[in-house]
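Visitor: Have a peek at data-v5.pdb (PDB, C-alpha atoms).
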ATOM      1  CA  MET N   1       7.613 -27.232  68.952
ATOM      2  CA  ALA N   2       7.059 -25.264  65.736
ATOM      3  CA  SER N   3       6.436 -27.283  62.603
ATOM      4  CA  LEU N   4       9.023 -27.631  59.864
ATOM      5  CA  ARG N   5       6.897 -25.429  57.628
ATOM      6  CA  ASP N   6       6.763 -22.654  60.252
ATOM      7  CA  ILE N   7      10.520 -22.772  60.837
ATOM      8  CA  LYS N   8      11.200 -22.720  57.092
ATOM      9  CA  ALA N   9       8.900 -19.720  56.695
ATOM     10  CA  ARG N  10      10.772 -17.836  59.432
ATOM     11  CA  ILE N  11      14.114 -18.629  57.802
ATOM     12  CA  ASP N  12      12.891 -17.289  54.449
ATOM     13  CA  SER N  13      11.434 -14.191  56.079
ATOM     14  CA  THR N  14      14.657 -13.478  57.982
ATOM     15  CA  LYS N  15      16.722 -13.885  54.825
ATOM     16  CA  LYS N  16      14.571 -11.298  53.071
ATOM     17  CA  THR N  17      14.988  -8.930  56.030
ATOM     18  CA  LYS N  18      18.737  -9.490  55.899
ATOM     19  CA  GLN N  19      18.787  -8.478  52.235
ATOM     20  CA  ILE N  20      16.936  -5.268  53.044
ATOM     21  CA  THR N  21      19.161  -4.301  55.994
ATOM     22  CA  GLY N  22      22.269  -5.149  53.982
ATOM     23  CA  ALA N  23      21.147  -2.858  51.155
ATOM     24  CA  MET N  24      20.272  -0.093  53.631
ATOM     25  CA  GLU N  25      23.722  -0.406  55.201
ATOM     26  CA  LEU N  26      25.360   0.170  51.822
ATOM     27  CA  VAL N  27      23.138   3.186  51.132
ATOM     28  CA  SER N  28      23.906   4.692  54.549
ATOM     29  CA  ALA N  29      27.632   4.094  54.054
ATOM     30  CA  SER N  30      27.511   5.972  50.762
ATOM     31  CA  LYS N  31      25.579   8.853  52.321
ATOM     32  CA  MET N  32      27.939   8.936  55.294
ATOM     33  CA  ASN N  33      31.019   9.284  53.091
ATOM     34  CA  LYS N  34      29.559  12.271  51.287
ATOM     35  CA  ALA N  35      28.228  13.826  54.499
ATOM     36  CA  GLU N  36      31.646  13.424  56.134
ATOM     37  CA  GLN N  37      33.274  15.190  53.187
ATOM     38  CA  ASN N  38      30.710  18.006  53.417
ATOM     39  CA  ALA N  39      31.328  18.463  57.146
ATOM     40  CA  LYS N  40      35.111  18.462  56.833
ATOM     41  CA  GLY N  41      35.027  20.665  53.746
ATOM     42  CA  TYR N  42      33.017  23.303  55.634
ATOM     43  CA  VAL N  43      35.535  23.612  58.471
ATOM     44  CA  PRO N  44      38.046  25.897  56.641
ATOM     45  CA  TYR N  45      35.275  28.395  55.807
ATOM     46  CA  SER N  46      34.006  28.403  59.399
ATOM     47  CA  GLU N  47      37.527  28.862  60.787
ATOM     48  CA  LYS N  48      38.311  31.709  58.386
ATOM     49  CA  MET N  49      35.044  33.431  59.236
ATOM     50  CA  GLN N  50      35.874  33.140  62.929
ATOM     51  CA  GLU N  51      39.381  34.489  62.321
ATOM     52  CA  VAL N  52      38.122  37.546  60.469
ATOM     53  CA  VAL N  53      35.439  38.329  63.039
ATOM     54  CA  ALA N  54      37.923  37.847  65.887
ATOM     55  CA  ASN N  55      40.455  40.256  64.399
ATOM     56  CA  ILE N  56      37.851  42.942  63.840
ATOM     57  CA  ALA N  57      36.376  42.502  67.318
ATOM     58  CA  LYS N  58      39.789  42.528  69.033
ATOM     59  CA  GLY N  59      41.222  45.381  67.014
ATOM     60  CA  THR N  60      38.465  47.861  67.677
ATOM     61  CA  ASP N  61      36.253  49.206  70.437
ATOM     62  CA  ALA N  62      33.182  48.508  68.358
ATOM     63  CA  SER N  63      30.462  46.600  70.184
ATOM     64  CA  HIS N  64      27.576  44.379  69.164
ATOM     65  CA  PRO N  65      24.717  42.775  71.133
ATOM     66  CA  MET N  66      25.886  39.302  70.086
ATOM     67  CA  LEU N  67      29.188  39.863  71.906
ATOM     68  CA  GLU N  68      27.636  41.122  75.134
ATOM     69  CA  THR N  69      26.741  38.834  78.015
ATOM     70  CA  ARG N  70      23.541  39.763  79.804
ATOM     71  CA  GLU N  71      21.429  38.323  82.585
ATOM     72  CA  VAL N  72      19.940  35.049  81.403
ATOM     73  CA  LYS N  73      16.191  35.193  81.793
ATOM     74  CA  LYS N  74      15.351  32.848  78.952
ATOM     75  CA  THR N  75      17.479  30.200  77.231
ATOM     76  CA  ALA N  76      16.985  28.669  73.809
ATOM     77  CA  TYR N  77      18.154  25.217  72.735
ATOM     78  CA  LEU N  78      18.586  24.453  69.045
ATOM     79  CA  VAL N  79      18.303  20.669  68.745
ATOM     80  CA  ILE N  80      19.349  18.699  65.657
ATOM     81  CA  THR N  81      17.681  15.304  65.166
ATOM     82  CA  SER N  82      16.700  13.120  62.207
ATOM     83  CA  ASP N  83      13.405  12.898  60.367
ATOM     84  CA  ARG N  84      13.479   9.097  60.188
ATOM     85  CA  GLY N  85      14.145   6.210  62.536
ATOM     86  CA  LEU N  86      16.424   3.187  62.079
ATOM     87  CA  VAL N  87      19.404   5.219  63.296
ATOM     88  CA  GLY N  88      20.187   3.399  66.529
ATOM     89  CA  GLY N  89      20.641   5.715  69.511
ATOM     90  CA  TYR N  90      21.294   8.815  67.388
ATOM     91  CA  ASN N  91      18.119  10.657  68.404
ATOM     92  CA  SER N  92      17.730   9.261  71.904
ATOM     93  CA  HIS N  93      21.204  10.426  72.965
ATOM     94  CA  VAL N  94      20.586  13.995  71.826
ATOM     95  CA  LEU N  95      17.096  14.167  73.305
ATOM     96  CA  LYS N  96      18.312  12.681  76.585
ATOM     97  CA  LEU N  97      20.940  15.430  76.775
ATOM     98  CA  LEU N  98      18.236  18.023  76.128
ATOM     99  CA  GLN N  99      15.919  16.563  78.776
ATOM    100  CA  ASN N 100      18.663  16.303  81.390
ATOM    101  CA  THR N 101      19.804  19.875  80.720
ATOM    102  CA  ILE N 102      16.268  21.222  81.059
ATOM    103  CA  SER N 103      15.736  19.290  84.294
ATOM    104  CA  GLU N 104      19.001  20.543  85.790
ATOM    105  CA  ARG N 105      18.804  24.186  84.747
ATOM    106  CA  HIS N 106      15.156  25.178  84.678
ATOM    107  CA  ASN N 107      12.218  25.185  87.024
ATOM    108  CA  SER N 108       9.588  26.489  84.615
ATOM    109  CA  PRO N 109       8.830  26.250  80.867
ATOM    110  CA  ASP N 110       8.906  30.056  80.848
ATOM    111  CA  GLU N 111      12.671  29.899  81.325
ATOM    112  CA  TYR N 112      13.477  28.145  78.060
ATOM    113  CA  THR N 113      12.371  27.404  74.520
ATOM    114  CA  VAL N 114      13.454  24.910  71.876
ATOM    115  CA  ILE N 115      14.179  25.283  68.171
ATOM    116  CA  VAL N 116      14.040  21.895  66.474
ATOM    117  CA  ILE N 117      15.565  20.568  63.266
ATOM    118  CA  GLY N 118      14.140  17.109  62.487
ATOM    119  CA  ARG N 119      10.796  15.363  62.950
ATOM    120  CA  LYS N 120      11.973  13.085  65.776
ATOM    121  CA  GLY N 121      12.928  16.027  67.962
ATOM    122  CA  PHE N 122       9.707  17.880  67.132
ATOM    123  CA  ASP N 123       7.529  14.873  68.020
ATOM    124  CA  TYR N 124       9.493  14.318  71.236
ATOM    125  CA  CYS N 125       8.972  17.905  72.404
ATOM    126  CA  ARG N 126       5.313  17.972  71.405
ATOM    127  CA  LYS N 127       4.508  14.786  73.347
ATOM    128  CA  ARG N 128       6.203  16.156  76.474
ATOM    129  CA  ASN N 129       4.813  19.685  76.244
ATOM    130  CA  ILE N 130       8.267  21.176  75.794
ATOM    131  CA  PRO N 131       7.846  24.689  74.323
ATOM    132  CA  VAL N 132       8.955  24.864  70.670
ATOM    133  CA  SER N 133       9.310  28.330  69.146
ATOM    134  CA  ASN N 134      10.412  27.217  65.672
ATOM    135  CA  SER N 135      11.053  24.015  63.770
ATOM    136  CA  ILE N 136      11.971  22.608  60.370
ATOM    137  CA  ILE N 137      11.201  19.118  59.085
ATOM    138  CA  GLY N 138      12.399  17.331  55.988
ATOM    139  CA  VAL N 139      15.975  18.566  55.730
ATOM    140  CA  ALA N 140      17.835  16.847  52.893
ATOM    141  CA  ASP N 141      20.443  14.163  53.546
ATOM    142  CA  HIS N 142      23.062  16.545  52.153
ATOM    143  CA  PRO N 143      21.654  19.975  53.031
ATOM    144  CA  GLN N 144      22.547  23.309  51.505
ATOM    145  CA  PHE N 145      22.701  26.486  53.562
ATOM    146  CA  ALA N 146      19.595  27.755  51.767
ATOM    147  CA  ASP N 147      17.646  24.843  53.306
ATOM    148  CA  ILE N 148      18.043  26.171  56.850
ATOM    149  CA  LYS N 149      18.810  29.840  56.180
ATOM    150  CA  ASP N 150      15.415  31.069  57.392
ATOM    151  CA  ILE N 151      15.397  29.173  60.680
ATOM    152  CA  ALA N 152      19.055  30.046  61.346
ATOM    153  CA  LYS N 153      18.437  33.729  60.679
ATOM    154  CA  ALA N 154      15.269  33.753  62.800
ATOM    155  CA  THR N 155      17.070  32.025  65.676
ATOM    156  CA  VAL N 156      19.926  34.537  65.684
ATOM    157  CA  GLN N 157      17.415  37.389  65.445
ATOM    158  CA  MET N 158      15.682  36.109  68.586
ATOM    159  CA  PHE N 159      18.880  36.792  70.507
ATOM    160  CA  THR N 160      19.436  40.194  68.903
ATOM    161  CA  ASP N 161      15.852  41.188  69.741
ATOM    162  CA  GLU N 162      16.400  39.980  73.341
ATOM    163  CA  GLU N 163      13.631  37.402  73.113
ATOM    164  CA  ILE N 164      16.266  35.003  74.454
ATOM    165  CA  ASP N 165      19.442  35.728  76.411
ATOM    166  CA  GLU N 166      21.398  32.588  75.598
ATOM    167  CA  LEU N 167      21.434  30.109  72.716
ATOM    168  CA  ASN N 168      22.821  26.584  72.987
ATOM    169  CA  ILE N 169      23.042  24.043  70.196
ATOM    170  CA  ILE N 170      22.648  20.319  70.873
ATOM    171  CA  TYR N 171      23.671  17.755  68.265
ATOM    172  CA  ASN N 172      25.714  14.604  67.669
ATOM    173  CA  HIS N 173      29.337  15.431  66.916
ATOM    174  CA  TYR N 174      30.847  13.122  64.291
ATOM    175  CA  VAL N 175      34.088  11.522  65.491
ATOM    176  CA  SER N 176      34.221   8.447  63.294
ATOM    177  CA  ALA N 177      31.955   5.935  61.599
ATOM    178  CA  ILE N 178      31.495   4.119  64.911
ATOM    179  CA  SER N 179      31.637   7.057  67.311
ATOM    180  CA  GLN N 180      29.242  10.000  67.576
ATOM    181  CA  VAL N 181      29.248  12.139  70.718
ATOM    182  CA  PRO N 182      26.172  14.054  71.975
ATOM    183  CA  THR N 183      27.411  17.629  72.315
ATOM    184  CA  MET N 184      26.076  20.934  73.624
ATOM    185  CA  ASN N 185      27.818  24.202  72.741
ATOM    186  CA  LYS N 186      26.925  27.757  73.652
ATOM    187  CA  LEU N 187      26.373  29.647  70.413
ATOM    188  CA  LEU N 188      25.245  33.032  71.710
ATOM    189  CA  PRO N 189      26.496  35.268  73.162
ATOM    190  CA  ILE N 190      29.758  34.734  71.283
ATOM    191  CA  GLU N 191      32.448  34.312  73.924
ATOM    192  CA  ASP N 192      35.276  32.399  72.224
ATOM    193  CA  LEU N 193      36.788  35.096  70.020
ATOM    194  CA  GLN N 194      39.500  36.338  72.345
ATOM    195  CA  GLY N 195      41.844  33.476  71.584
ATOM    196  CA  GLN N 196      41.149  33.545  67.847
ATOM    197  CA  GLY N 197      42.612  35.513  65.002
ATOM    198  CA  GLY N 198      46.119  35.300  63.670
ATOM    199  CA  ILE N 199      46.304  38.431  61.514
ATOM    200  CA  THR N 200      48.458  41.245  62.846
ATOM    201  CA  GLY N 201      48.898  44.842  61.726
ATOM    202  CA  GLN N 202      46.815  47.993  61.467
ATOM    203  CA  TYR N 203      43.810  48.140  59.183
ATOM    204  CA  GLU N 204      41.330  50.753  58.163
ATOM    205  CA  TYR N 205      37.795  49.517  57.684
ATOM    206  CA  GLU N 206      35.257  50.839  55.223
ATOM    207  CA  PRO N 207      32.514  51.105  56.262
ATOM    208  CA  SER N 208      33.071  51.302  60.028
ATOM    209  CA  GLU N 209      33.987  48.357  62.246
ATOM    210  CA  GLU N 210      30.529  48.416  63.808
ATOM    211  CA  GLN N 211      28.874  48.170  60.410
ATOM    212  CA  ILE N 212      31.098  45.261  59.428
ATOM    213  CA  LEU N 213      30.412  43.419  62.685
ATOM    214  CA  LYS N 214      26.698  44.078  62.259
ATOM    215  CA  VAL N 215      26.812  42.085  59.036
ATOM    216  CA  LEU N 216      29.463  39.482  59.869
ATOM    217  CA  LEU N 217      28.391  38.398  63.348
ATOM    218  CA  PRO N 218      24.932  37.105  62.327
ATOM    219  CA  LEU N 219      26.529  35.364  59.338
ATOM    220  CA  TYR N 220      29.110  33.826  61.645
ATOM    221  CA  ALA N 221      26.451  32.536  64.062
ATOM    222  CA  GLU N 222      24.404  31.167  61.168
ATOM    223  CA  SER N 223      27.503  29.455  59.789
ATOM    224  CA  LEU N 224      28.012  27.709  63.141
ATOM    225  CA  ILE N 225      24.443  26.391  62.991
ATOM    226  CA  PHE N 226      24.954  25.093  59.468
ATOM    227  CA  GLY N 227      28.285  23.529  60.429
ATOM    228  CA  ALA N 228      26.633  21.700  63.322
ATOM    229  CA  LEU N 229      23.911  20.470  60.958
ATOM    230  CA  LEU N 230      26.512  19.060  58.546
ATOM    231  CA  ASP N 231      28.267  17.422  61.487
ATOM    232  CA  GLY N 232      24.966  15.997  62.695
ATOM    233  CA  LYS N 233      24.079  14.633  59.268
ATOM    234  CA  ALA N 234      27.394  12.768  59.074
ATOM    235  CA  SER N 235      26.634  11.314  62.511
ATOM    236  CA  GLU N 236      23.097  10.383  61.448
ATOM    237  CA  HIS N 237      24.253   8.393  58.416
ATOM    238  CA  ALA N 238      27.017   6.743  60.426
ATOM    239  CA  ALA N 239      24.512   5.730  63.106
ATOM    240  CA  SER N 240      22.160   4.376  60.434
ATOM    241  CA  MET N 241      24.970   2.362  58.851
ATOM    242  CA  THR N 242      25.952   0.899  62.223
ATOM    243  CA  ALA N 243      22.331   0.074  63.074
ATOM    244  CA  MET N 244      21.763  -1.679  59.755
ATOM    245  CA  ARG N 245      25.015  -3.612  60.111
ATOM    246  CA  SER N 246      23.951  -4.738  63.568
ATOM    247  CA  ALA N 247      20.540  -5.753  62.205
ATOM    248  CA  THR N 248      22.201  -7.760  59.432
ATOM    249  CA  ASP N 249      24.466  -9.513  61.949
ATOM    250  CA  ASN N 250      21.457 -10.313  64.138
ATOM    251  CA  ALA N 251      19.643 -11.704  61.097
ATOM    252  CA  ASN N 252      22.616 -13.976  60.353
ATOM    253  CA  ASP N 253      22.597 -15.213  63.954
ATOM    254  CA  LEU N 254      18.861 -15.842  63.848
ATOM    255  CA  ILE N 255      19.127 -17.690  60.530
ATOM    256  CA  GLY N 256      21.807 -19.916  62.074
ATOM    257  CA  GLU N 257      19.642 -20.680  65.110
ATOM    258  CA  LEU N 258      16.557 -21.350  62.993
ATOM    259  CA  THR N 259      18.520 -23.604  60.618
ATOM    260  CA  LEU N 260      19.776 -25.602  63.596
ATOM    261  CA  SER N 261      16.218 -25.894  64.916
ATOM    262  CA  TYR N 262      15.006 -26.936  61.480
ATOM    263  CA  ASN N 263      17.669 -29.650  61.209
ATOM    264  CA  ARG N 264      16.881 -30.951  64.670
ATOM    265  CA  ALA N 265      13.166 -31.036  63.957
ATOM    266  CA  ARG N 266      13.793 -32.724  60.635
ATOM    267  CA  GLN N 267      16.038 -35.320  62.297
ATOM    268  CA  ALA N 268      13.408 -35.969  64.947
ATOM    269  CA  GLN N 269      10.786 -36.423  62.251
ATOM    270  CA  ILE N 270      12.974 -38.901  60.327
ATOM    271  CA  THR N 271      13.725 -40.826  63.540
ATOM    272  CA  GLN N 272      10.018 -41.001  64.325
ATOM    273  CA  GLN N 273       9.220 -42.229  60.815
ATOM    274  CA  ILE N 274      11.891 -44.960  61.064
ATOM    275  CA  ALA N 275      10.522 -46.017  64.421
ATOM    276  CA  GLU N 276       6.994 -46.204  63.028
ATOM    277  CA  ILE N 277       8.149 -48.305  60.058
ATOM    278  CA  ALA N 278      10.075 -50.655  62.324
ATOM    279  CA  GLY N 279       7.079 -50.954  64.638
ATOM    280  CA  GLY N 280       4.769 -51.735  61.725
ATOM    281  CA  ALA N 281       7.136 -54.409  60.389
ATOM    282  CA  ALA N 282       7.364 -56.025  63.805
ATOM    283  CA  ALA N 283       3.575 -56.093  64.084
ATOM    284  CA  LEU N 284       3.278 -57.931  60.759
ATOM    285  CA  GLU N 285       5.612 -60.653  62.004
TER     286      GLU N 285
END
Any chance you could give the structure as C-alpha cells?

Guide:
Amino acid sequence: MASLRDIKARIDSTKKTKQITGAMELVSASKMNKAEQNAKGYVPYSEKMQEVVANIAKGTDASHPMLETREVKKTAYLVITSDRGLVGGYNSHVLKLLQNTISERHNSPDEYTVIVIGRKGFDYCRKRNIPVSNSIIGVADHPQFADIKDIAKATVQMFTDEEIDELNIIYNHYVSAISQVPTMNKLLPIEDLQGQGGITGQYEYEPSEEQILKVLLPLYAESLIFGALLDGKASEHAASMTAMRSATDNANDLIGELTLSYNRARQAQITQQIAEIAGGAAALE
C-alpha cells in the first residue's frame, strides 16, 4: 500500500492538473463561441455566391472546366485537422475517414493525393507515406481568408490544370458543442448548381458570361474551402472544450478515490498506533 505521503502528493498533483484542465476548458469555450459565430456568419455570403453563380450558369450556354465532369484518373482530398492535440477524437475521426476512403477507392498512391491543413494531418500522412501535394501549418484559431488564400487558390488551380480530376474535402462539421460529424463533400467538379438560384428574369452580362464565370467559379470554390475551415475550427474548439471538461471530471473522480484511500490509510495507521500503545501498556503491567 502507498504511504500517506505518496497519496497526499498524488492528490495535490491531481488538483493542480484539475486547475489547468478547468482553465483550458474555459479558454476553449470562449474560442468556440467566437468560431461558431464566424462559421454561421459566413453562411449568408457562401449562399449568395452560390446563388449568383447558379443563375449565371443556368441562364447561359457558357461553359467552364470546373463545371465539367471528366474521367477520374486522379483524386485529391483536402483534409482539415488541428495543429495541436488535446482535442479528443477530433483528428482521429477525420483521419480515419480519409484512410477508409483511400482503402476503399484506390489501389495505388498514383491515383490520389492529399492537401493538408493542420500539423496533425500532415504528420499522419507523412508517417504512412500518403502522398501530400500541398500543406499549411499554423492556421490561427480564428482564421482570415488571407491565411489560406494561397493553398485554396493552388488547390483549385490543380483541377483547372487537370492535375486532378476530382477534389473532395474532409473535415468535422460543427453541429453543436457536443456533436461534430466527420464529413466528406465533393468540391470539384461543381455539380450542385442546378437546384440553386432564385433570381428570375433576363439579364445582360458585361463582360460575357464566360468571363464572369471564369472569375466567379474559382472564388466560389475557394469560398467553400474557407467555409469548411471555419466549420472545422468551431468543431476543433468544441472538441477541445469537451475533452478538457472530461479531463476535469476524471480529475475530480480520481481526487475522490485518492482521498478515500488516504482516509483509510490514515485510519489504519491510527488503529495500529492505538494497538501498539495498548500492547505496550499491557506489557508494563

Visitor: Give me the residues within 12 Å of N:Ser30 as a list of chain:residue names, counting all atoms listed in the file and dropping any in the same chain fewer than 3 places off.

Guide: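 Skipping anything fewer than 3 positions along the chain leaves N:Ala23, N:Met24, N:Glu25, N:Leu26, N:Val27, N:Asn33, N:Lys34, N:Ala35, N:Glu36, N:Gln37, N:Asp141, N:His142, N:Ala177, N:Ala234, N:His237, N:Ala238, N:Ser240, N:Met241.
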
Visitor: Stretch 75-85 of chain N, all listed atoms, 4 Å padding on each side: what axis-aligned box centre and edge lengths in Å to one decimal come out, as AutoDock Vina command-line options?

Guide:
--center_x 16.4 --center_y 18.2 --center_z 68.7 --size_x 13.9 --size_y 32.0 --size_z 25.0

Visitor: Using all atoms listed in the file, which of N:Lys233, N:His64, N:Arg245, N:Arg264 sits nearest N:Lys40?

Guide: N:Lys233

Visitor: Could you work out how far atom CA of N:Ser28 lies from atom CA of N:Asp249, giving the answer in Å with one decimal?

Guide: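 Separating atom CA of N:Asp249 from atom CA of N:Ser28 is a distance of 16.0 Å.
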
Visitor: Atom CA of N:Asp123 to atom CA of N:Val181: how many Å, to one decimal?

Guide: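 So the answer is 22.1 Å.
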
Visitor: Enter the distance from atom CA of N:Gly118 to atom CA of N:Glu163, in Å, rounded to one decimal.

Guide: 22.9 Å

Visitor: Which residues, protein or nucleic acid, reach to within 9 Å of (11.2, 20.8, 63.1) in the file's coordinates when using only C-alpha atoms, and can you give that as a short mmCIF file (atom, residue, chain, number, x, y, z; two decimals) with C-alpha atoms, in the coordinates of the input?

Guide:
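Below is the file point04.cif, written as the result:
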data_model
loop_
_atom_site.label_atom_id
_atom_site.label_comp_id
_atom_site.auth_asym_id
_atom_site.auth_seq_id
_atom_site.Cartn_x
_atom_site.Cartn_y
_atom_site.Cartn_z
CA ILE N 80 19.35 18.70 65.66
CA THR N 81 17.68 15.30 65.17
CA ASP N 83 13.40 12.90 60.37
CA ILE N 115 14.18 25.28 68.17
CA VAL N 116 14.04 21.90 66.47
CA ILE N 117 15.56 20.57 63.27
CA GLY N 118 14.14 17.11 62.49
CA ARG N 119 10.80 15.36 62.95
CA LYS N 120 11.97 13.08 65.78
CA GLY N 121 12.93 16.03 67.96
CA PHE N 122 9.71 17.88 67.13
CA ASP N 123 7.53 14.87 68.02
CA VAL N 132 8.96 24.86 70.67
CA ASN N 134 10.41 27.22 65.67
CA SER N 135 11.05 24.02 63.77
CA ILE N 136 11.97 22.61 60.37
CA ILE N 137 11.20 19.12 59.08
CA GLY N 138 12.40 17.33 55.99
#

Visitor: Could you write out as a PDB file with C-alpha atoms, in the coordinates of the input the residues that the PyMOL selection byres ((chain N and resi 68) around 10) matches in the shown file?

Guide:
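Once everything was written out, this is out.pdb:
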ATOM      1  CA  SER N  63      30.462  46.600  70.184  1.00  0.00           C
ATOM      2  CA  HIS N  64      27.576  44.379  69.164  1.00  0.00           C
ATOM      3  CA  PRO N  65      24.717  42.775  71.133  1.00  0.00           C
ATOM      4  CA  MET N  66      25.886  39.302  70.086  1.00  0.00           C
ATOM      5  CA  LEU N  67      29.188  39.863  71.906  1.00  0.00           C
ATOM      6  CA  THR N  69      26.741  38.834  78.015  1.00  0.00           C
ATOM      7  CA  ARG N  70      23.541  39.763  79.804  1.00  0.00           C
ATOM      8  CA  ASP N 165      19.442  35.728  76.411  1.00  0.00           C
ATOM      9  CA  LEU N 188      25.245  33.032  71.710  1.00  0.00           C
ATOM     10  CA  PRO N 189      26.496  35.268  73.162  1.00  0.00           C
ATOM     11  CA  ILE N 190      29.758  34.734  71.283  1.00  0.00           C
ATOM     12  CA  GLU N 191      32.448  34.312  73.924  1.00  0.00           C
TER      13      GLU N 191
END

Visitor: Kindly resolve the PyMOL selection byres ((chain N and resi 131) around 8) on the present coordinates and return the residues as a ChimeraX atom specification.

Guide: /N:109,112-114,125-126,129-130,132-133

Visitor: Identify which of the residues N:Ala251, N:Ala54, N:Leu187, N:Ala281 lies closest to N:Gly227, counting all atoms listed in the file when measuring atom-to-atom distances.

Guide: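 Result for the nearest residue to N:Gly227: N:Leu187.
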